[in-house]
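Undergrad: The structure's right below; bear with me while I get my questions together.
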Amino acid sequence: MTIEIKEIKKLNPLQLSQCIEISNRLFGKGYHSRKYFLKEEIVTIVAIKNNKIIGFFIGKKEIKNVVIDCIAIKRRWQKKSIGTKLMTFYFRKFLNSKDKVVAYAWKIKNKMPAGKINYKFGLKPVKNMGKIWKEKCNVSFKCRSYNNTCICECVKFSN
Ligand SMILES: CC(C)(COP(=O)(O)OP(=O)(O)OC[C@H]1O[C@@H](n2cnc3c(N)ncnc32)[C@H](O)[C@@H]1OP(=O)(O)O)[C@@H](O)C(=O)NCCC(=O)NCCS
């Protein structure tokens, strides 16, 4: 399994479509806009297999914190260490030991898909932010998890 992990400064149109498709399938159509992936302040790291993006990681440096904004791996490639590889790349290349790192994990039906990967990188839950997507859920994007109401919570992790 040869999977390339690399940073892309600016996604080309094809790469952008591939990231949007992954996001649409995992989070819901419209959750991430094209603009989101083209913001200048973000770091984009991707996993590539056969010239196709199968996972992406978006991080950014803010004044006080480093924020892990989103990590998403195509469903059939999940649990194959690709998320770990993307995080490792980011931590090695962009962070130093003093950085305060913050990540926001999605909690659904008491499960947090990103919980374990956050723990692996020294991040622990510090605050349940509650239903932060409530206003937008199934309004500005078609949520995959909407069930008559917004059912997802957000948990803030930090080191
Ligand atoms: C969460 C996600 C990014 C992890 O990436 P991945 O490539 O599957 O992760 P890895 O294979 O590197 O596994 C890292 C650890 O997380 C665990 N893990 C992966 N997916 C998990 C899930 N859905 N639920 C619980 N644990 C999970 C793995 O078992 C592994 O633990 P281990 O090292 O003790 O074996 C990926 O599953 C994904 O894209 N999920 C859907 C989108 C999502 O929830 N993104 C996070 C937004 S907050």
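Every chain in the structure tokens has a letter given in the order shown (A, B, ...), and although residue numbers restart at 1 in each chain, ligands are simply numbered from 1 in the order shown.
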Name the residues of range 37-74 of chain A that fall into strand (DSSP E) according to DSSP on the backbone, using the chain letters and numbers of this document, as an NGL selection string.

TA: :A and (42-49 or 52-61 or 65-73)

Undergrad: Please, which residues have at least one atom within 6 Å of an atom of ligand 1, using only C-alpha atoms and all ligand atoms, listed as a list of chain:residue names?

TA: A:Leu26, A:Cys70, A:Ile71, A:Ala72, A:Ile73, A:Gln78, A:Lys79, A:Lys80, A:Ser81, A:Ile82, A:Gly83, A:Thr84, A:Tyr104, A:Ala105, A:Trp106, A:Pro113, A:Ala114, A:Lys116, A:Ile117

Undergrad: Generate a file of the selected residues that holds C-alpha atoms, formatted as a PDB file, in the first residue's frame.

TA:
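After the write, selection05.pdb holds the following:
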ATOM      1  CA  LEU A  26     -18.469  12.143   5.757  1.00  0.00           C
ATOM      2  CA  CYS A  70     -10.464  18.969  10.407  1.00  0.00           C
ATOM      3  CA  ILE A  71      -9.199  15.520   9.617  1.00  0.00           C
ATOM      4  CA  ALA A  72     -11.101  13.255   7.274  1.00  0.00           C
ATOM      5  CA  ILE A  73     -10.282   9.924   5.673  1.00  0.00           C
ATOM      6  CA  GLN A  78     -10.257   4.520   7.685  1.00  0.00           C
ATOM      7  CA  LYS A  79      -8.558   2.616  10.517  1.00  0.00           C
ATOM      8  CA  LYS A  80      -5.491   1.986   8.354  1.00  0.00           C
ATOM      9  CA  SER A  81      -3.241   4.516  10.118  1.00  0.00           C
ATOM     10  CA  ILE A  82      -3.670   7.209   7.465  1.00  0.00           C
ATOM     11  CA  GLY A  83      -5.101   9.716   9.957  1.00  0.00           C
ATOM     12  CA  THR A  84      -2.129   9.001  12.230  1.00  0.00           C
ATOM     13  CA  TYR A 104     -12.428  19.840  18.102  1.00  0.00           C
ATOM     14  CA  ALA A 105     -13.884  16.348  18.028  1.00  0.00           C
ATOM     15  CA  TRP A 106     -17.303  15.450  16.815  1.00  0.00           C
ATOM     16  CA  PRO A 113     -14.476   9.108  15.916  1.00  0.00           C
ATOM     17  CA  ALA A 114     -11.473  11.389  16.460  1.00  0.00           C
ATOM     18  CA  LYS A 116      -8.534   8.069  20.010  1.00  0.00           C
ATOM     19  CA  ILE A 117      -6.374   9.810  17.450  1.00  0.00           C
TER      20      ILE A 117
END

Undergrad: Ranking A:Arg25, A:Lys109, A:Lys74, A:Lys35 by minimum distance to Lys142 in chain A and counting only C-alpha atoms, which one comes first?

TA: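 Between A:Arg25, A:Lys109, A:Lys74, A:Lys35, the residue approaching Lys142 in chain A most closely is A:Arg25.
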
Undergrad: I need the residue nearest Ala103 in chain A from this list: A:Ile45, A:Ile22, A:Ile68, A:Ile132. Use only C-alpha atoms for the distance.

TA: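 For Ala103 in chain A, the nearest of the given residues is A:Ile68.
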
Undergrad: Using only C-alpha atoms, can you tell me which of A:Leu123, A:Val66, A:Leu86, A:Cys137 comes closest to Val46 in chain A?

TA: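 Ranked by minimum distance to Val46 in chain A, first place goes to A:Leu86.
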